[in-house]
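Source file: query.cif; contents: mmCIF, C-alpha atoms.
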```cif
data_query
loop_
_atom_site.label_atom_id
_atom_site.label_comp_id
_atom_site.auth_asym_id
_atom_site.auth_seq_id
_atom_site.Cartn_x
_atom_site.Cartn_y
_atom_site.Cartn_z
CA ARG A 1 0.00 0.00 0.00
CA THR A 2 1.10 3.53 -0.72
CA LYS A 3 -0.19 4.87 2.58
CA ARG A 4 0.19 2.04 5.06
CA TYR A 5 -1.18 3.99 8.03
CA ALA A 6 -3.78 6.15 6.28
CA ASN A 7 -6.54 5.35 8.79
CA ILE A 8 -4.35 6.32 11.73
CA ASP A 9 -2.79 9.29 9.98
CA ASP A 10 -6.20 10.83 9.24
CA GLY A 11 -7.23 10.66 12.89
CA LEU A 12 -8.02 13.50 15.22
CA ILE A 13 -5.39 15.78 16.75
CA PRO A 14 -6.76 18.37 19.19
CA PHE A 15 -4.79 21.16 17.56
CA LYS A 16 -3.72 22.04 14.03
CA TYR A 17 -0.17 22.45 12.83
CA THR A 18 0.67 24.53 9.78
CA SER A 19 3.67 22.33 9.07
CA GLY A 20 5.72 19.60 10.67
CA LYS A 21 5.57 15.88 11.08
CA TYR A 22 1.90 15.77 12.05
CA ASN A 23 -0.67 15.44 9.29
CA THR A 24 -3.78 17.57 9.77
CA ASN A 25 -5.98 16.12 7.06
CA SER A 26 -8.77 15.49 9.58
CA SER A 27 -11.83 17.64 9.05
CA LEU A 28 -12.63 17.53 12.78
CA ASP A 29 -11.27 19.62 15.59
CA ILE A 30 -11.61 19.20 19.33
CA LYS A 31 -14.87 21.14 19.45
CA ASP A 32 -16.36 18.76 16.89
CA ALA A 33 -15.17 15.77 18.93
CA ILE A 34 -16.82 17.15 22.09
CA THR A 35 -20.07 17.92 20.26
CA LEU A 36 -20.16 14.45 18.69
CA CYS A 37 -19.70 12.84 22.11
CA GLN A 38 -22.53 14.97 23.48
CA LYS A 39 -24.83 13.90 20.61
CA ALA A 40 -23.85 10.26 21.08
CA TYR A 41 -24.71 10.59 24.77
CA TYR A 42 -28.12 12.02 23.97
CA ASN A 43 -29.06 9.53 21.21
CA PHE A 44 -27.38 6.16 21.86
CA ALA A 45 -28.32 4.21 24.96
CA ILE A 46 -25.14 2.10 25.11
CA PHE A 47 -22.94 5.22 25.09
CA ARG A 48 -25.10 7.03 27.64
CA ASN A 49 -25.45 4.08 30.00
CA THR A 50 -21.68 3.48 30.04
CA ILE A 51 -20.97 7.10 30.99
CA ASP A 52 -23.77 7.19 33.58
CA LEU A 53 -22.54 3.93 35.12
CA MET A 54 -18.98 5.26 35.51
CA THR A 55 -20.40 8.49 36.93
CA GLU A 56 -22.43 6.68 39.57
CA PHE A 57 -19.44 4.57 40.62
CA SER A 58 -17.29 7.72 40.95
CA CYS A 59 -19.70 9.65 43.17
CA SER A 60 -19.47 8.95 46.89
CA PRO A 61 -19.94 10.78 50.20
CA ILE A 62 -17.15 13.09 51.38
CA TYR A 63 -15.74 12.63 54.87
CA PHE A 64 -13.65 15.27 56.62
CA CYS A 65 -10.60 14.27 58.61
CA GLY A 66 -8.60 16.35 61.06
CA GLY A 67 -9.61 19.56 62.76
CA ASN A 68 -12.24 19.43 65.48
CA LYS A 69 -15.94 18.71 65.54
CA LYS A 70 -16.84 22.38 65.23
CA SER A 71 -14.75 22.88 62.08
CA ARG A 72 -15.99 19.64 60.52
CA ASP A 73 -19.60 20.61 61.20
CA PHE A 74 -18.98 23.97 59.55
CA PHE A 75 -17.59 22.48 56.33
CA GLU A 76 -20.25 19.80 56.19
CA ALA A 77 -22.90 22.52 56.39
CA PHE A 78 -21.04 24.61 53.80
CA PHE A 79 -20.85 21.77 51.26
CA ARG A 80 -24.51 20.96 51.81
CA LYS A 81 -25.24 24.60 51.01
CA VAL A 82 -23.36 24.45 47.67
CA ASN A 83 -24.92 21.01 46.99
CA ILE A 84 -21.68 19.08 46.66
CA ALA A 85 -23.53 15.85 45.77
CA ALA A 86 -25.05 17.39 42.63
CA LEU A 87 -21.73 19.00 41.73
CA GLN A 88 -19.98 15.61 41.92
CA ASP A 89 -22.55 14.08 39.59
CA LYS A 90 -22.20 16.88 37.03
CA PHE A 91 -18.40 16.91 37.29
CA PHE A 92 -17.85 13.20 36.65
CA ARG A 93 -20.46 13.08 33.88
CA GLU A 94 -18.61 15.85 32.04
CA TYR A 95 -15.27 14.20 32.83
CA TYR A 96 -16.28 10.93 31.19
CA ARG A 97 -18.28 12.51 28.36
CA SER A 98 -16.00 15.28 27.09
CA GLY A 99 -12.82 15.08 29.18
CA ASN A 100 -12.74 18.90 29.44
CA ILE A 101 -14.29 20.28 32.63
CA TYR A 102 -14.52 24.00 33.39
CA VAL A 103 -15.78 24.65 36.90
CA TYR A 104 -16.93 28.23 37.41
CA ARG A 105 -17.61 29.48 40.92
CA PHE A 106 -19.70 32.41 42.08
CA PHE A 107 -18.84 34.44 45.15
CA SER A 108 -21.15 36.02 47.68
CA LYS A 109 -20.18 38.94 49.86
CA LEU A 110 -20.98 38.52 53.53
CA ASN A 111 -21.29 41.22 56.13
CA LYS A 112 -18.65 41.39 58.82
CA SER A 113 -21.25 40.75 61.50
CA ASP A 114 -22.43 37.59 59.68
CA LEU A 115 -18.95 36.14 59.63
CA LEU A 116 -18.47 36.93 63.29
CA LYS A 117 -21.62 34.98 64.04
CA ILE A 118 -20.22 31.93 62.22
CA ASN A 119 -17.01 31.75 64.17
CA GLN A 120 -14.90 34.23 66.08
CA THR A 121 -11.74 32.79 64.51
CA TYR A 122 -12.63 34.44 61.21
CA ALA A 123 -12.27 37.93 62.66
CA ASP A 124 -8.61 38.23 61.64
CA LEU A 125 -9.45 37.29 58.05
CA ILE A 126 -12.08 39.99 57.59
CA SER A 127 -11.11 43.25 55.98
CA GLU A 128 -13.01 46.39 55.14
CA GLU A 129 -11.68 46.24 51.53
CA GLY A 130 -14.03 43.44 50.53
CA GLY A 131 -12.06 40.37 51.58
CA ASN A 132 -15.17 38.78 53.09
CA LYS A 133 -16.22 36.88 49.96
CA VAL A 134 -16.93 33.18 50.02
CA PRO A 135 -17.78 30.80 47.16
CA SER A 136 -21.53 30.23 47.15
CA ARG A 137 -22.22 28.34 43.93
CA TYR A 138 -20.41 26.13 41.43
CA ILE A 139 -21.48 25.38 37.84
CA ILE A 140 -20.03 23.35 34.97
CA LEU A 141 -19.57 25.28 31.71
CA ASN A 142 -20.20 23.71 28.32
CA PRO A 143 -16.72 22.83 26.96
CA ALA A 144 -17.97 23.21 23.38
CA ASP A 145 -18.35 26.95 24.05
CA ILE A 146 -14.86 27.46 25.50
CA LEU A 147 -11.99 28.99 23.54
CA MET A 148 -8.40 29.25 24.71
CA ASN A 149 -5.66 31.75 24.07
CA GLY A 150 -2.38 30.58 25.57
CA ASN A 151 1.34 30.59 25.15
CA VAL A 152 3.56 28.06 23.39
CA SER A 153 3.15 25.34 26.02
CA PHE A 154 -0.51 26.13 26.91
CA ALA A 155 0.55 26.06 30.56
CA ASN A 156 -0.89 29.49 31.43
CA ALA A 157 -3.92 29.86 29.21
CA ASN A 158 -6.67 32.46 29.04
CA TYR A 159 -10.18 31.08 28.53
CA TYR A 160 -13.11 32.68 26.74
CA LYS A 161 -16.73 31.63 26.51
CA ASN A 162 -18.80 31.98 23.39
CA ILE A 163 -22.26 33.32 24.26
CA SER A 164 -25.06 31.27 22.75
CA ASP A 165 -28.03 32.87 21.01
CA TYR A 166 -30.22 32.20 24.05
CA GLU A 167 -27.70 33.74 26.46
CA LEU A 168 -27.21 36.72 24.16
CA GLU A 169 -30.95 37.39 24.05
CA ARG A 170 -31.24 37.15 27.85
CA LEU A 171 -28.36 39.57 28.36
CA ARG A 172 -29.76 42.07 25.86
CA ASN A 173 -33.16 41.88 27.55
CA PRO A 174 -32.54 40.95 31.21
CA ARG A 175 -35.54 39.27 32.80
CA THR A 176 -34.28 38.38 36.24
CA GLU A 177 -31.97 39.91 38.81
CA ASP A 178 -29.35 37.26 37.98
CA ASP A 179 -29.37 38.36 34.33
CA LYS A 180 -28.75 41.95 35.40
CA GLN A 181 -25.91 40.95 37.73
CA VAL A 182 -24.20 38.92 35.02
CA LEU A 183 -24.49 41.81 32.58
CA GLN A 184 -23.07 44.31 35.07
CA SER A 185 -20.12 42.04 35.88
CA LEU A 186 -18.93 41.92 32.27
CA PRO A 187 -16.15 44.17 30.90
CA LYS A 188 -17.22 47.36 29.16
CA GLU A 189 -16.17 46.19 25.68
CA VAL A 190 -18.22 43.00 26.08
CA LYS A 191 -21.28 44.97 27.24
CA ASP A 192 -20.93 47.23 24.21
CA GLN A 193 -20.92 44.19 21.90
CA ILE A 194 -24.01 42.81 23.61
CA LYS A 195 -25.89 46.08 23.30
CA ASP A 196 -24.94 46.28 19.63
CA GLY A 197 -27.77 44.54 17.79
CA LYS A 198 -25.49 43.59 14.90
CA SER A 199 -23.15 41.47 17.01
CA THR A 200 -23.99 37.77 16.68
CA GLN A 201 -20.83 36.27 18.23
CA VAL A 202 -19.69 37.59 21.59
CA ARG A 203 -16.87 36.17 23.69
CA ILE A 204 -16.66 36.63 27.44
CA PRO A 205 -13.21 36.45 29.06
CA LEU A 206 -13.28 34.09 32.05
CA ASP A 207 -11.65 35.24 35.26
CA LYS A 208 -8.79 32.91 36.18
CA GLU A 209 -9.70 33.25 39.84
CA LYS A 210 -13.22 31.97 39.18
CA VAL A 211 -12.71 29.21 36.62
CA THR A 212 -10.83 25.96 37.14
CA ALA A 213 -10.02 23.72 34.18
CA ILE A 214 -9.63 19.96 34.64
CA PHE A 215 -8.70 17.70 31.74
CA TYR A 216 -8.70 13.97 31.10
CA LYS A 217 -5.10 12.87 30.51
CA LYS A 218 -3.93 16.07 28.79
CA GLN A 219 -0.28 16.84 28.22
CA ASP A 220 1.17 20.33 28.75
CA TYR A 221 1.68 20.86 25.03
CA GLU A 222 -1.97 20.04 24.25
CA PRO A 223 -4.59 22.80 24.51
CA PHE A 224 -7.51 20.44 25.19
CA ALA A 225 -8.13 16.82 26.06
CA VAL A 226 -9.63 14.32 23.63
CA PRO A 227 -12.84 12.74 25.00
CA MET A 228 -12.35 9.13 26.01
CA GLY A 229 -15.47 8.16 24.05
CA TYR A 230 -14.23 9.60 20.76
CA PRO A 231 -12.49 6.38 19.48
CA VAL A 232 -15.79 4.44 19.53
CA LEU A 233 -17.87 7.07 17.71
CA GLU A 234 -17.09 5.57 14.29
CA ASP A 235 -18.26 2.14 15.44
CA ILE A 236 -21.48 3.61 16.85
CA ASN A 237 -22.03 5.55 13.65
CA TRP A 238 -21.53 2.37 11.59
CA LYS A 239 -24.00 0.46 13.75
CA ALA A 240 -26.57 3.22 13.22
CA GLU A 241 -25.94 3.01 9.47
CA LEU A 242 -26.61 -0.75 9.47
CA LYS A 243 -29.80 -0.13 11.44
CA LYS A 244 -30.97 2.30 8.76
CA MET A 245 -30.26 -0.33 6.11
CA ASP A 246 -32.41 -2.88 7.98
CA MET A 247 -35.21 -0.35 8.25
CA ALA A 248 -34.99 0.44 4.53
CA ILE A 249 -35.18 -3.27 3.68
CA SER A 250 -38.21 -3.65 5.94
CA ARG A 251 -39.99 -0.83 4.14
CA THR A 252 -39.15 -2.44 0.78
CA MET A 253 -40.62 -5.77 1.93
CA GLN A 254 -43.96 -4.08 2.57
CA GLN A 255 -44.07 -2.99 -1.07
CA ALA A 256 -42.92 -6.38 -2.39
CA VAL A 257 -45.76 -8.35 -0.79
CA LEU A 258 -48.77 -7.41 -2.95
CA LEU A 259 -51.30 -10.18 -2.34
CA VAL A 260 -51.66 -13.14 -0.02
CA THR A 261 -54.43 -15.72 -0.69
CA MET A 262 -55.52 -18.78 1.23
CA GLY A 263 -57.68 -21.75 0.22
CA ALA A 264 -59.14 -22.54 -3.18
CA ASP A 265 -59.74 -20.14 -6.06
CA PRO A 266 -62.79 -17.84 -5.65
CA GLU A 267 -64.78 -19.52 -8.47
CA LYS A 268 -64.39 -22.96 -6.83
#
```
So that I can check it, write out the structure of this file as structure tokens.
Amino acid sequence: RTKRYANIDDGLIPFKYTSGKYNTNSSLDIKDAITLCQKAYYNFAIFRNTIDLMTEFSCSPIYFCGGNKKSRDFFEAFFRKVNIAALQDKFFREYYRSGNIYVYRFFSKLNKSDLLKINQTYADLISEEGGNKVPSRYIILNPADILMNGNVSFANANYYKNISDYELERLRNPRTEDDKQVLQSLPKEVKDQIKDGKSTQVRIPLDKEKVTAIFYKKQDYEPFAVPMGYPVLEDINWKAELKKMDMAISRTMQQAVLLVTMGADPEK
């Protein structure tokens, strides 16, 4: 054969080189791989059940060691408040489905008197300059909407989120107090793009202090991780193609059978 490893050579690489030893003939990029894994999860039971099974085995109660009973009670109450059980479920599902997890946390500002009521030991940590912020909510961002702008090794990357059409409409016409707070927290240039009716693609820079990126077996020189389910997508797609062929043959059989008679001829 002229190209002995054509099937391997045309495979996915999560980044594109302009030249070098790597061939970039693949028409897919990492965003396409993530989206395909999401669609496979939504539409194929065997793919979904495998991911859900691994997710359920990974989730377990969290036990605190060390400290004293008072401190352990405080953190148990805090994690119940942020719903750590639901966060675990969402985290591991995204970990096994896309391999690229972006955890974004929201902060709430507490009054000095409120912190003093929690525990007197926090008094030294409270400042009048706004240092009394605590994480109050964690969400998982859609990795298909995340863009990265990093250096040569991708070790210190800046992340951006593409705003969907639904999010763009909600920010242009805020309906709830949360919508207004999100709009006010954005940089001025982003707010100007949102208010501009002609802008259809808006990117929001993600604060490094609020977003944490976790990847499935990613090297430092790779910008993103390849989903672990990507290698089986071609097999699932082929199985779906065979199923369509069976369905087409079944429809043809209905047209082929024109008449079925039983017994003697009508005149006899």
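Proximity ranking of A:Ala40, A:Glu267, A:Leu168, A:Ile214 relative to Phe92 of chain A places A:Ile214 first, based on only C-alpha atoms.
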Original post:
Could you write out as a ChimeraX atom specification the residues that the PyMOL selection byres ((chain A and resi 30) around 8) matches in the shown file?
Top reply: /A:12-15,28-29,31-34,224-226
Subject >> Ground truth for the PyMOL selection byres ((chain A and resi 137) around 10), written as a ChimeraX atom specification >> reply: /A:79,81-84,87,104-108,134-136,138-139
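In terms of minimum interatomic distance to Arg170 of chain A, A:Ile194 ranks closest within A:Leu186, A:Lys268, A:Ile194, A:Glu76, counting all atoms listed in the file.
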Contacts of Val232 of chain A at 12 Å or less, counting all atoms listed in the file, minus same-chain residues fewer than 3 places along, as an mmCIF file with C-alpha atoms, in the frame of the given file?
```
data_model
loop_
_atom_site.group_PDB
_atom_site.id
_atom_site.type_symbol
_atom_site.label_atom_id
_atom_site.label_comp_id
_atom_site.auth_asym_id
_atom_site.auth_seq_id
_atom_site.Cartn_x
_atom_site.Cartn_y
_atom_site.Cartn_z
ATOM 1 C CA ALA A 33 -15.170 15.770 18.930
ATOM 2 C CA LEU A 36 -20.160 14.450 18.690
ATOM 3 C CA CYS A 37 -19.700 12.840 22.110
ATOM 4 C CA ALA A 40 -23.850 10.260 21.080
ATOM 5 C CA PHE A 44 -27.380 6.160 21.860
ATOM 6 C CA ILE A 46 -25.140 2.100 25.110
ATOM 7 C CA PHE A 47 -22.940 5.220 25.090
ATOM 8 C CA PRO A 227 -12.840 12.740 25.000
ATOM 9 C CA MET A 228 -12.350 9.130 26.010
ATOM 10 C CA GLY A 229 -15.470 8.160 24.050
ATOM 11 C CA ASP A 235 -18.260 2.140 15.440
ATOM 12 C CA ILE A 236 -21.480 3.610 16.850
ATOM 13 C CA ASN A 237 -22.030 5.550 13.650
ATOM 14 C CA TRP A 238 -21.530 2.370 11.590
ATOM 15 C CA LYS A 239 -24.000 0.460 13.750
#
```
Original post:
If you count all atoms listed in the file, which residues fall within 12 Å of Leu141 of chain A, apart from same-chain ones fewer than 3 positions away, as a PyMOL selection string?
Top reply: chain A and resi 90-91+94-95+98+100-105+138+144-147+159-163+206+210-214
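Interatomic distance, atom CA of Phe215 of chain A against atom CA of Cys59 of chain A: 17.8 Å.
Going from atom CA of Ile62 of chain A over to atom CA of Arg93 of chain A, you cover 17.8 Å.
Using all atoms listed in the file, the shortest contact distance between Lys218 of chain A and any of A:Gly99, A:Asp196, A:Asn7, A:Thr50 is found at A:Gly99.
You can rank A:Lys109, A:Tyr230, A:Ala6, A:Gln88 by their closest distance to Ser60 of chain A using all atoms listed in the file, and at the top of that list sits A:Gln88.
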Subject >> Distance in Å - atom CA of Lys208 of chain A versus atom CA of Ala157 of chain A >> reply: 9.0 Å
